[in-house]
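Asks: I am sharing model.cif, which consists of mmCIF, C-alpha atoms and all ligand atoms:
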data_model
loop_
_atom_site.label_atom_id
_atom_site.label_comp_id
_atom_site.auth_asym_id
_atom_site.auth_seq_id
_atom_site.Cartn_x
_atom_site.Cartn_y
_atom_site.Cartn_z
CA MET A 1 137.47 144.24 61.20
CA SER A 2 135.50 146.89 59.34
CA THR A 3 132.38 145.79 57.51
CA SER A 4 132.14 146.30 53.79
CA THR A 5 128.65 146.16 52.30
CA HIS A 6 127.62 146.66 48.69
CA ALA A 7 124.31 146.05 46.90
CA TYR A 8 123.55 145.14 43.28
CA ARG A 9 120.20 145.96 41.67
CA ALA A 10 118.92 144.13 38.56
CA ALA A 11 116.66 141.23 37.69
CA ILE A 12 117.93 138.31 39.81
CA LEU A 13 117.45 134.58 39.25
CA HIS A 14 118.81 131.63 41.18
CA SER A 15 118.10 127.91 41.64
CA ILE A 16 116.95 126.76 45.06
CA ALA A 17 116.36 123.05 44.34
CA ASP A 18 116.61 120.38 41.67
CA PRO A 19 113.67 120.66 39.24
CA ALA A 20 113.74 116.84 38.92
CA VAL A 21 112.87 116.64 42.62
CA VAL A 22 110.57 119.60 43.33
CA GLY A 23 109.22 120.46 39.85
CA ILE A 24 110.17 123.45 37.73
CA GLU A 25 108.21 126.19 39.52
CA ALA A 26 109.54 125.37 42.98
CA SER A 27 113.14 125.08 41.73
CA TYR A 28 113.98 128.77 41.43
CA GLU A 29 113.48 132.26 42.83
CA TYR A 30 113.17 135.27 40.58
CA PHE A 31 113.09 138.97 41.41
CA ASP A 32 112.16 141.12 38.45
CA ASP A 33 113.52 144.21 40.22
CA GLY A 34 115.82 142.58 42.73
CA VAL A 35 118.65 143.48 45.05
CA LEU A 36 121.60 141.31 46.06
CA VAL A 37 123.34 142.47 49.22
CA VAL A 38 126.97 141.44 49.73
CA GLU A 39 128.83 141.85 53.01
CA ASN A 40 132.52 141.01 53.38
CA GLY A 41 132.48 138.80 50.29
CA LEU A 42 129.43 136.80 51.38
CA ILE A 43 125.74 136.94 50.47
CA LYS A 44 123.87 138.93 53.10
CA ALA A 45 120.43 139.03 51.45
CA VAL A 46 118.55 138.71 48.19
CA GLY A 47 115.04 139.93 47.51
CA HIS A 48 112.73 142.44 45.88
CA ALA A 49 114.04 146.00 45.68
CA VAL A 50 110.89 147.34 47.36
CA ASP A 51 111.59 145.18 50.41
CA LEU A 52 115.35 145.58 50.67
CA LEU A 53 116.02 149.17 49.63
CA PRO A 54 114.63 150.64 52.90
CA THR A 55 117.18 148.51 54.83
CA LEU A 56 120.11 149.82 52.79
CA GLN A 57 120.49 153.42 53.97
CA GLY A 58 124.04 154.55 53.22
CA VAL A 59 124.94 151.38 51.29
CA ALA A 60 126.37 151.87 47.78
CA ILE A 61 124.19 150.28 45.12
CA SER A 62 125.33 149.29 41.59
CA GLN A 63 122.45 149.23 39.11
CA TYR A 64 122.34 147.08 35.98
CA PRO A 65 119.47 147.87 33.62
CA ASN A 66 118.60 145.22 31.00
CA ALA A 67 120.60 142.63 32.88
CA LEU A 68 120.14 139.47 34.90
CA ILE A 69 122.21 138.55 37.94
CA SER A 70 122.76 134.82 38.44
CA PRO A 71 125.14 132.77 40.58
CA GLY A 72 128.56 132.24 39.00
CA PHE A 73 128.76 129.19 36.76
CA ILE A 74 130.42 126.00 37.97
CA ASP A 75 132.51 123.89 35.59
CA THR A 76 132.87 120.37 36.97
CA HIS A 77 135.52 119.22 34.47
CA ILE A 78 138.18 121.14 32.58
CA HIS A 79 141.93 120.93 31.73
CA PHE A 80 143.83 124.19 32.09
CA PRO A 81 146.93 122.97 30.14
CA GLN A 82 144.76 122.26 27.10
CA THR A 83 143.80 125.91 26.58
CA GLY A 84 146.24 126.30 23.70
CA MET A 85 145.05 123.17 21.85
CA ILE A 86 141.29 123.75 21.95
CA ALA A 87 139.78 123.07 18.51
CA SER A 88 142.33 120.51 17.29
CA TYR A 89 141.12 118.73 14.17
CA GLY A 90 139.94 115.34 13.22
CA GLU A 91 140.54 112.71 15.93
CA GLN A 92 138.54 110.75 18.47
CA LEU A 93 139.68 110.30 22.06
CA LEU A 94 142.70 107.96 21.96
CA ASP A 95 144.26 109.39 18.79
CA TRP A 96 143.41 112.92 19.94
CA LEU A 97 145.35 112.28 23.17
CA ASN A 98 148.42 110.95 21.33
CA THR A 99 148.38 113.47 18.50
CA TYR A 100 147.61 116.71 20.31
CA THR A 101 147.24 116.38 24.06
CA PHE A 102 150.40 114.69 25.24
CA PRO A 103 152.80 116.90 23.22
CA THR A 104 150.95 120.00 24.49
CA GLU A 105 151.12 118.88 28.11
CA GLN A 106 154.86 118.25 27.86
CA GLN A 107 155.43 122.00 27.83
CA PHE A 108 154.16 122.31 31.41
CA ALA A 109 157.42 121.00 32.80
CA ASP A 110 158.36 124.67 32.49
CA LYS A 111 156.75 126.55 35.37
CA ALA A 112 156.88 129.89 33.55
CA HIS A 113 154.91 128.41 30.68
CA ALA A 114 152.40 126.92 33.14
CA ALA A 115 152.00 130.31 34.82
CA GLU A 116 151.40 132.04 31.50
CA VAL A 117 148.72 129.53 30.46
CA ALA A 118 147.11 129.55 33.94
CA SER A 119 146.67 133.30 33.64
CA ILE A 120 145.10 133.05 30.16
CA PHE A 121 142.89 130.18 31.33
CA LEU A 122 141.58 132.01 34.40
CA LYS A 123 140.84 135.15 32.41
CA GLU A 124 138.89 133.02 29.94
CA LEU A 125 136.90 131.28 32.69
CA LEU A 126 135.97 134.62 34.28
CA ARG A 127 135.15 136.19 30.90
CA ASN A 128 132.65 133.38 30.55
CA GLY A 129 131.15 133.79 34.02
CA THR A 130 132.65 130.63 35.53
CA THR A 131 133.70 131.24 39.12
CA THR A 132 134.47 127.68 40.27
CA ALA A 133 136.01 124.82 38.29
CA LEU A 134 137.38 121.34 38.89
CA VAL A 135 140.63 121.45 36.96
CA PHE A 136 143.19 118.99 35.61
CA GLY A 137 146.84 120.06 35.71
CA THR A 138 149.54 118.01 33.99
CA VAL A 139 151.79 115.33 35.45
CA HIS A 140 154.16 118.12 36.57
CA LYS A 141 153.55 119.34 40.11
CA GLN A 142 154.72 122.83 39.12
CA SER A 143 151.71 123.08 36.78
CA VAL A 144 149.43 122.89 39.81
CA ASP A 145 151.55 125.34 41.81
CA ALA A 146 151.30 127.80 38.92
CA PHE A 147 147.54 127.34 38.70
CA PHE A 148 146.85 127.72 42.43
CA GLU A 149 149.18 130.72 42.69
CA ALA A 150 147.13 132.50 40.01
CA CYS A 151 143.83 131.55 41.73
CA GLU A 152 145.06 132.76 45.10
CA VAL A 153 145.69 136.27 43.79
CA LEU A 154 142.03 136.52 42.73
CA ASN A 155 140.66 134.70 45.80
CA LEU A 156 138.80 132.19 43.63
CA ARG A 157 137.13 128.98 44.79
CA MET A 158 138.92 126.39 42.65
CA ILE A 159 139.76 122.70 42.79
CA ALA A 160 142.75 121.20 40.98
CA GLY A 161 145.26 118.40 41.02
CA LYS A 162 148.39 116.99 39.46
CA VAL A 163 147.80 114.24 36.91
CA MET A 164 148.99 110.81 38.00
CA MET A 165 150.02 108.57 35.08
CA ASP A 166 152.73 105.96 35.00
CA ARG A 167 152.02 103.91 31.85
CA ASN A 168 150.61 103.96 28.31
CA ALA A 169 151.83 107.51 27.76
CA PRO A 170 155.11 108.96 26.41
CA ASP A 171 158.08 108.66 28.77
CA TYR A 172 158.35 112.43 28.98
CA LEU A 173 154.92 112.53 30.59
CA THR A 174 154.97 109.66 33.07
CA ASP A 175 155.63 109.56 36.79
CA THR A 176 155.89 106.52 39.06
CA PRO A 177 153.49 105.29 41.75
CA GLU A 178 155.87 106.56 44.43
CA SER A 179 156.69 109.93 42.86
CA SER A 180 153.04 110.64 42.05
CA TYR A 181 152.06 109.87 45.62
CA ALA A 182 154.84 112.05 47.07
CA ASP A 183 154.18 114.95 44.68
CA SER A 184 150.44 114.84 45.26
CA ARG A 185 150.94 114.79 49.03
CA GLU A 186 153.25 117.75 48.84
CA LEU A 187 150.66 119.70 46.84
CA ILE A 188 147.87 118.72 49.25
CA GLU A 189 149.91 119.96 52.20
CA ARG A 190 150.66 123.20 50.38
CA TRP A 191 147.26 124.02 48.91
CA HIS A 192 144.32 121.99 50.18
CA GLY A 193 142.13 124.23 52.34
CA LYS A 194 144.27 127.33 51.72
CA GLY A 195 141.86 130.23 51.19
CA ARG A 196 139.18 128.93 48.87
CA LEU A 197 141.36 126.27 47.22
CA HIS A 198 140.83 122.51 47.30
CA TYR A 199 142.92 119.61 46.06
CA ALA A 200 141.80 116.75 43.80
CA VAL A 201 143.70 113.45 43.54
CA THR A 202 143.85 113.15 39.75
CA PRO A 203 144.65 109.80 38.10
CA ARG A 204 144.19 110.68 34.39
CA PHE A 205 142.10 107.56 33.59
CA ALA A 206 142.42 103.84 34.29
CA PRO A 207 144.50 103.03 31.15
CA THR A 208 147.37 105.37 32.12
CA SER A 209 147.77 104.15 35.70
CA SER A 210 149.23 100.86 36.91
CA PRO A 211 147.37 98.95 39.64
CA GLU A 212 150.10 100.12 42.05
CA GLN A 213 149.48 103.76 41.21
CA LEU A 214 145.70 103.44 41.49
CA SER A 215 146.17 101.76 44.84
CA LEU A 216 148.28 104.67 46.14
CA ALA A 217 145.84 107.20 44.67
CA GLY A 218 143.03 105.48 46.60
CA GLU A 219 145.09 105.58 49.78
CA LEU A 220 145.70 109.30 49.34
CA PHE A 221 142.03 110.04 48.60
CA GLN A 222 141.03 108.37 51.88
CA GLN A 223 143.72 110.08 53.93
CA TYR A 224 142.69 113.74 53.99
CA PRO A 225 139.28 115.20 54.82
CA ASP A 226 137.31 116.86 52.02
CA LEU A 227 139.79 115.89 49.33
CA TYR A 228 138.46 115.40 45.78
CA MET A 229 139.11 112.60 43.29
CA HIS A 230 138.93 113.59 39.64
CA THR A 231 139.26 111.28 36.64
CA HIS A 232 137.67 110.17 33.35
CA LEU A 233 135.16 107.32 32.97
CA SER A 234 133.40 105.58 30.05
CA GLU A 235 133.85 108.33 27.53
CA ASN A 236 134.60 106.39 24.33
CA ARG A 237 133.84 102.80 23.25
CA GLN A 238 137.46 101.98 22.27
CA GLU A 239 138.63 103.31 25.63
CA ILE A 240 136.14 101.07 27.45
CA GLU A 241 137.36 97.98 25.57
CA TRP A 242 140.95 98.93 26.41
CA VAL A 243 140.12 99.14 30.11
CA LYS A 244 138.47 95.71 29.97
CA GLY A 245 141.67 94.30 28.44
CA LEU A 246 143.91 95.97 31.02
CA PHE A 247 141.80 94.98 34.03
CA PRO A 248 140.13 91.67 33.02
CA GLU A 249 139.52 90.73 36.64
CA ARG A 250 137.20 93.72 37.22
CA LYS A 251 133.47 93.78 36.43
CA GLY A 252 133.75 96.90 34.29
CA TYR A 253 135.30 100.36 34.02
CA LEU A 254 133.77 101.88 37.16
CA ASP A 255 134.66 98.75 39.12
CA VAL A 256 138.35 99.48 38.50
CA TYR A 257 138.04 102.78 40.38
CA ASP A 258 135.74 101.18 42.96
CA HIS A 259 138.29 98.44 43.67
CA TYR A 260 141.00 101.01 44.35
CA ARG A 261 138.72 103.09 46.64
CA LEU A 262 138.52 105.94 44.15
CA ILE A 263 134.78 106.37 44.56
CA GLY A 264 132.46 108.13 47.00
CA PRO A 265 131.57 111.68 48.01
CA ARG A 266 133.80 114.20 46.14
CA ALA A 267 134.79 111.63 43.51
CA VAL A 268 133.98 113.25 40.16
CA PHE A 269 133.99 111.20 36.97
CA ALA A 270 134.09 113.05 33.67
CA HIS A 271 131.81 111.88 30.85
CA GLY A 272 130.07 108.60 31.83
CA VAL A 273 128.57 108.46 28.35
CA HIS A 274 128.29 104.66 28.18
CA LEU A 275 127.37 103.59 31.72
CA CYS A 276 125.22 100.53 32.43
CA ASP A 277 122.46 100.49 35.06
CA ASP A 278 124.65 98.78 37.67
CA GLU A 279 127.29 101.48 37.28
CA CYS A 280 124.70 104.25 37.64
CA LYS A 281 123.37 102.54 40.75
CA ARG A 282 126.87 102.28 42.23
CA LEU A 283 127.63 105.94 41.48
CA ALA A 284 124.40 106.98 43.17
CA GLU A 285 124.75 104.82 46.27
CA THR A 286 128.34 105.97 46.86
CA GLY A 287 127.48 109.66 46.43
CA SER A 288 129.88 110.01 43.49
CA ALA A 289 129.29 112.57 40.75
CA VAL A 290 129.47 112.64 36.96
CA ALA A 291 130.44 115.65 34.84
CA PHE A 292 128.28 115.96 31.71
CA CYS A 293 130.50 117.49 29.00
CA PRO A 294 128.31 118.04 25.94
CA THR A 295 130.61 120.09 23.71
CA SER A 296 133.44 117.60 24.23
CA ASN A 297 131.26 114.50 23.72
CA LEU A 298 130.06 115.91 20.40
CA PHE A 299 133.45 117.23 19.30
CA LEU A 300 135.27 113.92 19.91
CA GLY A 301 132.29 111.90 18.66
CA SER A 302 132.14 110.12 22.02
CA GLY A 303 128.36 109.73 22.23
CA LEU A 304 125.15 111.11 23.72
CA PHE A 305 124.99 111.47 27.50
CA ASP A 306 121.77 110.05 28.96
CA LEU A 307 121.00 112.65 31.62
CA PRO A 308 117.49 111.34 32.45
CA LYS A 309 118.92 107.85 33.07
CA LEU A 310 121.54 109.10 35.53
CA GLU A 311 118.96 111.34 37.14
CA ALA A 312 116.51 108.42 37.53
CA HIS A 313 119.24 106.56 39.43
CA GLY A 314 119.85 109.59 41.63
CA VAL A 315 123.43 110.26 40.46
CA ARG A 316 124.80 113.74 41.16
CA VAL A 317 125.48 115.39 37.80
CA GLY A 318 127.35 118.62 37.10
CA LEU A 319 128.13 120.36 33.83
CA GLY A 320 131.66 120.42 32.41
CA THR A 321 133.26 122.08 29.43
CA ASP A 322 136.20 119.63 29.23
CA VAL A 323 138.29 122.20 27.39
CA GLY A 324 140.46 121.36 25.30
CA ALA A 325 138.25 118.51 24.00
CA GLY A 326 135.32 120.82 24.76
CA THR A 327 134.97 123.64 22.26
CA SER A 328 133.95 126.52 24.51
CA PHE A 329 134.68 127.92 27.97
CA SER A 330 131.09 129.17 28.07
CA GLN A 331 128.64 127.21 30.18
CA LEU A 332 125.87 128.91 28.19
CA GLN A 333 127.31 127.21 25.12
CA SER A 334 127.64 123.91 27.03
CA LEU A 335 123.94 124.18 27.84
CA ASN A 336 123.14 125.00 24.23
CA GLU A 337 124.83 121.75 23.17
CA ALA A 338 123.32 119.85 26.12
CA TYR A 339 119.88 120.79 24.82
CA LYS A 340 120.74 119.33 21.41
CA VAL A 341 122.18 116.17 22.98
CA MET A 342 118.80 115.68 24.65
CA GLN A 343 116.91 116.44 21.43
CA LEU A 344 118.89 113.75 19.58
CA GLN A 345 117.57 111.29 22.18
CA GLY A 346 113.97 112.53 21.90
CA LYS A 347 114.24 114.28 25.27
CA LYS A 348 114.00 117.84 26.53
CA LEU A 349 116.16 120.03 28.73
CA ASP A 350 114.12 122.68 30.52
CA PRO A 351 115.88 126.05 30.86
CA PHE A 352 115.48 126.05 34.65
CA LYS A 353 117.05 122.60 34.76
CA SER A 354 119.87 124.05 32.66
CA LEU A 355 120.33 126.89 35.14
CA TYR A 356 120.39 124.32 37.95
CA LEU A 357 123.04 122.18 36.19
CA ALA A 358 125.35 125.15 35.67
CA THR A 359 125.00 126.46 39.25
CA LEU A 360 123.43 124.66 42.23
CA GLY A 361 123.59 121.21 40.59
CA GLY A 362 127.32 121.68 39.99
CA ALA A 363 127.75 122.81 43.59
CA ARG A 364 125.93 119.66 44.80
CA ALA A 365 128.08 117.45 42.55
CA LEU A 366 131.13 119.01 44.24
CA TYR A 367 129.66 118.95 47.77
CA LEU A 368 130.08 122.72 47.86
CA ASP A 369 126.39 123.63 48.02
CA ASP A 370 126.89 125.05 51.51
CA LYS A 371 129.33 127.57 49.95
CA ILE A 372 128.30 128.29 46.34
CA GLY A 373 125.59 127.61 43.76
CA ASN A 374 122.92 130.13 44.76
CA PHE A 375 122.24 133.26 46.81
CA ALA A 376 121.39 131.70 50.16
CA GLN A 377 122.59 133.88 53.02
CA GLY A 378 126.19 133.23 54.04
CA LYS A 379 127.34 131.72 50.76
CA ASP A 380 130.27 133.14 48.80
CA ALA A 381 129.33 136.18 46.72
CA ASP A 382 130.32 134.58 43.40
CA PHE A 383 127.96 135.89 40.73
CA VAL A 384 127.60 137.11 37.16
CA VAL A 385 125.79 139.95 35.48
CA LEU A 386 124.29 138.76 32.19
CA ASP A 387 123.60 141.39 29.54
CA TYR A 388 120.22 141.04 27.81
CA GLN A 389 121.50 143.35 25.08
CA ALA A 390 124.84 141.64 24.47
CA THR A 391 124.22 141.25 20.74
CA PRO A 392 121.62 142.75 18.38
CA LEU A 393 120.04 139.34 17.84
CA LEU A 394 119.84 138.52 21.56
CA SER A 395 118.35 141.91 22.26
CA TYR A 396 115.75 141.52 19.49
CA ARG A 397 114.87 137.93 20.43
CA LEU A 398 114.44 138.77 24.11
CA ALA A 399 112.15 141.67 23.22
CA GLN A 400 109.77 139.07 21.72
CA ALA A 401 109.80 136.86 24.83
CA THR A 402 106.71 136.87 27.01
CA THR A 403 107.79 134.59 29.87
CA LEU A 404 110.88 134.20 32.03
CA ALA A 405 111.33 130.62 30.76
CA GLU A 406 111.36 131.84 27.16
CA LYS A 407 113.84 134.59 28.01
CA LEU A 408 116.14 132.21 29.88
CA PHE A 409 116.05 129.64 27.10
CA ALA A 410 116.92 132.23 24.43
CA LEU A 411 119.71 133.59 26.63
CA ILE A 412 121.16 130.08 26.94
CA MET A 413 120.87 129.28 23.24
CA LEU A 414 122.19 132.63 21.95
CA GLY A 415 124.51 133.61 24.80
CA ASP A 416 128.25 133.14 25.25
CA ASP A 417 131.14 135.23 26.60
CA ARG A 418 129.59 138.33 25.03
CA ALA A 419 126.64 138.01 27.41
CA ILE A 420 128.85 138.22 30.51
CA LYS A 421 128.92 141.88 31.46
CA GLU A 422 130.69 141.43 34.79
CA THR A 423 131.88 138.57 37.01
CA PHE A 424 132.31 138.74 40.79
CA ALA A 425 134.25 136.38 43.06
CA ALA A 426 133.95 136.71 46.84
CA GLY A 427 132.34 140.09 46.23
CA ASN A 428 135.21 141.41 44.09
CA SER A 429 134.79 142.33 40.44
CA VAL A 430 137.16 139.96 38.61
CA HIS A 431 136.03 140.57 35.04
CA LYS A 432 134.41 143.59 33.41
CA ARG A 433 133.52 143.23 29.74
CA ASP A 434 133.32 146.91 28.84
N1 LIG B 501 140.74 110.74 28.92
C1 LIG B 501 142.00 110.72 29.40
N2 LIG B 501 142.59 111.92 29.27
C2 LIG B 501 141.68 112.73 28.71
C3 LIG B 501 141.68 114.10 28.32
O1 LIG B 501 142.67 114.83 28.48
N3 LIG B 501 140.53 114.58 27.77
C4 LIG B 501 139.43 113.81 27.60
N4 LIG B 501 138.33 114.34 27.06
N5 LIG B 501 139.41 112.52 27.94
C5 LIG B 501 140.51 111.98 28.47
ZN ZN B 502 138.74 115.67 30.36
#
Would you give me this structure, written as structure tokens?
Replies:
Amino acid sequence: MSTSTHAYRAAILHSIADPAVVGIEASYEYFDDGVLVVENGLIKAVGHAVDLLPTLQGVAISQYPNALISPGFIDTHIHFPQTGMIASYGEQLLDWLNTYTFPTEQQFADKAHAAEVASIFLKELLRNGTTTALVFGTVHKQSVDAFFEACEVLNLRMIAGKVMMDRNAPDYLTDTPESSYADSRELIERWHGKGRLHYAVTPRFAPTSSPEQLSLAGELFQQYPDLYMHTHLSENRQEIEWVKGLFPERKGYLDVYDHYRLIGPRAVFAHGVHLCDDECKRLAETGSAVAFCPTSNLFLGSGLFDLPKLEAHGVRVGLGTDVGAGTSFSQLQSLNEAYKVMQLQGKKLDPFKSLYLATLGGARALYLDDKIGNFAQGKDADFVVLDYQATPLLSYRLAQATTLAEKLFALIMLGDDRAIKETFAAGNSVHKRD
């Protein structure tokens, strides 16, 4: 096999550890004039231009002035079928599901429709610098086929699954315990571990699955190595009361999933806005992860996520957009809202912690930190080029900044899809803004 090497020169920033563990200064590496060397789709080296340029005789180098290269963003919770219903007015979770979500998801019985939306969705993710996402399909297995087929063409690292739901939803959108098990198995056999694709067993949330279905979902999750489990947890107070009524014999919401063996490494729970200490402890000790979805939690009025509390318990936390309840595909915008969620609780969110959440922290939540999340040698070359001059205001504000922290914070607060100049996946350019 012939070797293909390419280098990228710009300012380069990446997380190397959790700031909560090592402190801010030890959590990142920054190269003001840096070079990222990519060989056969993997990271070969990162460092200062003065050190690396002499080793790169004959290697093509792309230069990006006034730009910052960072690892691609990781979205730990999103729904591809909800792309067309983002920004739907006026409801909180349960009414929002009945009014907007279920009718929208019905359309994904049609594979051609699913393929069309998958293509729009992936373009939007890449336009926003997101290179890996944990993705809900619909109840229809063809929705997941359509999604993975589109990902395969671009050689993306993506995780997805077919929704399992057999009750408390319209008839047109329900499966059965047996059919959901068989369909999920078929999809796992077809897609899990193919290229850079992974499968997630995806019960929608406890209220829409019977005990029999949750039991089979748990069986499936335990059956295959490295499989994911993806669901919703403790998002909305009415939802939590409903779960208590449906499963009175369980200690609480998380205990429902725990009982059915839907917990552990690679189990990712979206939201977790209203968790008690015992639930945080259980999430931490089982190695489960929570997706913090600030734009969604504000949009649906679900509540304020207590990041420091989950962190103090040692829970793995990633950042999610939760589109279509989330209002932006941009993880910069998610971080903007995350900052405000912390402010409303009298807390702060350091910009380097924000960078960590959107990259290496997300990779850790997904147990993919040996593959993605930063520029360690051998990882996938999934990265973004951020444009310091994306808008007149960003350009002007950054010209006033005197430290990297100030620059990064302003980039997060003012940035969105316009700030993503180019996105690379496995070393290939998959989005070019200009
Ligand atoms: N809980 C169950 N289904 C959903 C969904 O589609 N979006 C959100 N935000 N919460 C849910
Ligand atoms: Zn969701």
Asks: Taking 4 positions as the minimum chain separation for residues in the same chain, which residues sit within 8 Å of Ala67 (chain A) when counting only C-alpha atoms? Answer as a list of chain:residue names.
Replies: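 Contacts, with the query itself left out: A:Ala10, A:Ala11, A:Val385, A:Leu386, A:Asp387, A:Tyr388, A:Gln389.
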Asks: What do you get as a PyMOL selection string if you pick all residues at most 8 Å from ligand ZN 502 (chain B), counting all atoms listed in the file?
Replies: chain A and resi 77-79+136+231-232+270-271+322-325
Asks: Any idea what's packed within 9 Å of Val290 (chain A), counting only C-alpha atoms, ignoring anything in its chain fewer than 2 positions away? Could you give it as a ChimeraX atom specification?
Replies: /A:76,233,267-272,283,288,292,310,315-319,365
Asks: Please enclose the listed atoms of ligand LIG 501 (chain B) in an axis-aligned box, pad each side by 6 Å, and write out the centre and the three edge lengths in Å, rounded to one decimal, as lines of an AutoDock Vina configuration file.
Replies:
center_x = 140.5
center_y = 112.8
center_z = 28.2
size_x = 16.3
size_y = 16.1
size_z = 14.3
Asks: Mind checking which residues fall within 12 Å of Leu97 (chain A), counting only C-alpha atoms, ignoring those fewer than 2 positions away in the same chain, and posting them as a PyMOL selection string?
Replies: chain A and resi 82+85+88-95+99-105+168-170+204-205+208+239+300+324-325
Asks: Step by step: start from the point (150.8, 110.6, 48.4) in the file's coordinates, keep every protein, DNA or RNA residue that has an atom no farther than 6 Å from it, count all atoms listed in the file, and write the set as an MDAnalysis selection string.
Replies: chainID A and resid 181:182 184:185 220
Asks: For ligand LIG 501 (chain B), which residue among A:Ala426, A:Leu173, A:Leu197, A:Cys293 is the nearest when counting all atoms listed in the file?
Replies: A:Cys293
Asks: Point out the residue among A:Asp370, A:Asp51, A:Glu285, A:Asp416 with the least atom-to-atom distance to Leu332 (chain A), counting all atoms listed in the file.
Replies: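 The shortest atom-to-atom distance to Leu332 (chain A) comes from A:Asp416.
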Asks: So what do you get for CA of Arg190 (chain A) versus CA of Gly218 (chain A), distance-wise?
Replies: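 Going from CA of Arg190 (chain A) over to CA of Gly218 (chain A) covers 19.7 Å.
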Asks: For ligand LIG 501 (chain B), which of A:Phe299, A:Tyr367, A:Tyr28, A:Phe247 is the closest residue, counting all atoms listed in the file?
Replies: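 So, comparing all the options, the nearest one is A:Phe299.
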Asks: Just region 351-395 of chain A, please, as a JSON list (two decimals), in the first residue's frame (only C-alpha atoms).
Replies:
[["chain", "number", "residue", "atom", "x", "y", "z"],
["A", 351, "PRO", "CA", -13.17, 27.59, 27.98],
["A", 352, "PHE", "CA", -10.61, 24.77, 28.17],
["A", 353, "LYS", "CA", -13.18, 22.63, 29.97],
["A", 354, "SER", "CA", -15.57, 23.50, 27.15],
["A", 355, "LEU", "CA", -13.03, 22.37, 24.57],
["A", 356, "TYR", "CA", -12.57, 19.15, 26.54],
["A", 357, "LEU", "CA", -16.34, 18.48, 26.68],
["A", 358, "ALA", "CA", -16.73, 18.91, 22.93],
["A", 359, "THR", "CA", -13.72, 16.72, 22.04],
["A", 360, "LEU", "CA", -11.76, 14.43, 24.37],
["A", 361, "GLY", "CA", -14.48, 14.36, 27.06],
["A", 362, "GLY", "CA", -17.00, 13.23, 24.44],
["A", 363, "ALA", "CA", -14.57, 10.59, 23.23],
["A", 364, "ARG", "CA", -14.15, 9.31, 26.81],
["A", 365, "ALA", "CA", -17.93, 9.24, 27.32],
["A", 366, "LEU", "CA", -18.12, 7.04, 24.21],
["A", 367, "TYR", "CA", -15.07, 4.91, 25.10],
["A", 368, "LEU", "CA", -13.51, 6.05, 21.83],
["A", 369, "ASP", "CA", -10.63, 8.02, 23.32],
["A", 370, "ASP", "CA", -8.15, 5.54, 21.84],
["A", 371, "LYS", "CA", -9.47, 6.56, 18.38],
["A", 372, "ILE", "CA", -10.66, 10.19, 18.48],
["A", 373, "GLY", "CA", -10.82, 13.29, 20.70],
["A", 374, "ASN", "CA", -7.32, 14.71, 20.28],
["A", 375, "PHE", "CA", -4.17, 14.58, 18.16],
["A", 376, "ALA", "CA", -2.32, 11.73, 19.87],
["A", 377, "GLN", "CA", -0.32, 9.71, 17.36],
["A", 378, "GLY", "CA", -2.31, 6.94, 15.69],
["A", 379, "LYS", "CA", -5.76, 8.43, 16.26],
["A", 380, "ASP", "CA", -8.15, 9.12, 13.39],
["A", 381, "ALA", "CA", -7.38, 12.37, 11.56],
["A", 382, "ASP", "CA", -10.77, 13.93, 12.29],
["A", 383, "PHE", "CA", -10.27, 17.67, 12.70],
["A", 384, "VAL", "CA", -11.63, 21.13, 12.00],
["A", 385, "VAL", "CA", -10.15, 24.40, 10.85],
["A", 386, "LEU", "CA", -11.75, 27.29, 12.76],
["A", 387, "ASP", "CA", -11.68, 30.71, 11.11],
["A", 388, "TYR", "CA", -10.73, 33.56, 13.45],
["A", 389, "GLN", "CA", -12.12, 35.99, 10.88],
["A", 390, "ALA", "CA", -15.43, 34.24, 10.25],
["A", 391, "THR", "CA", -17.48, 37.35, 10.99],
["A", 392, "PRO", "CA", -16.55, 41.03, 11.39],
["A", 393, "LEU", "CA", -17.47, 40.93, 15.08],
["A", 394, "LEU", "CA", -15.47, 37.76, 15.79],
["A", 395, "SER", "CA", -12.49, 39.19, 13.97]]
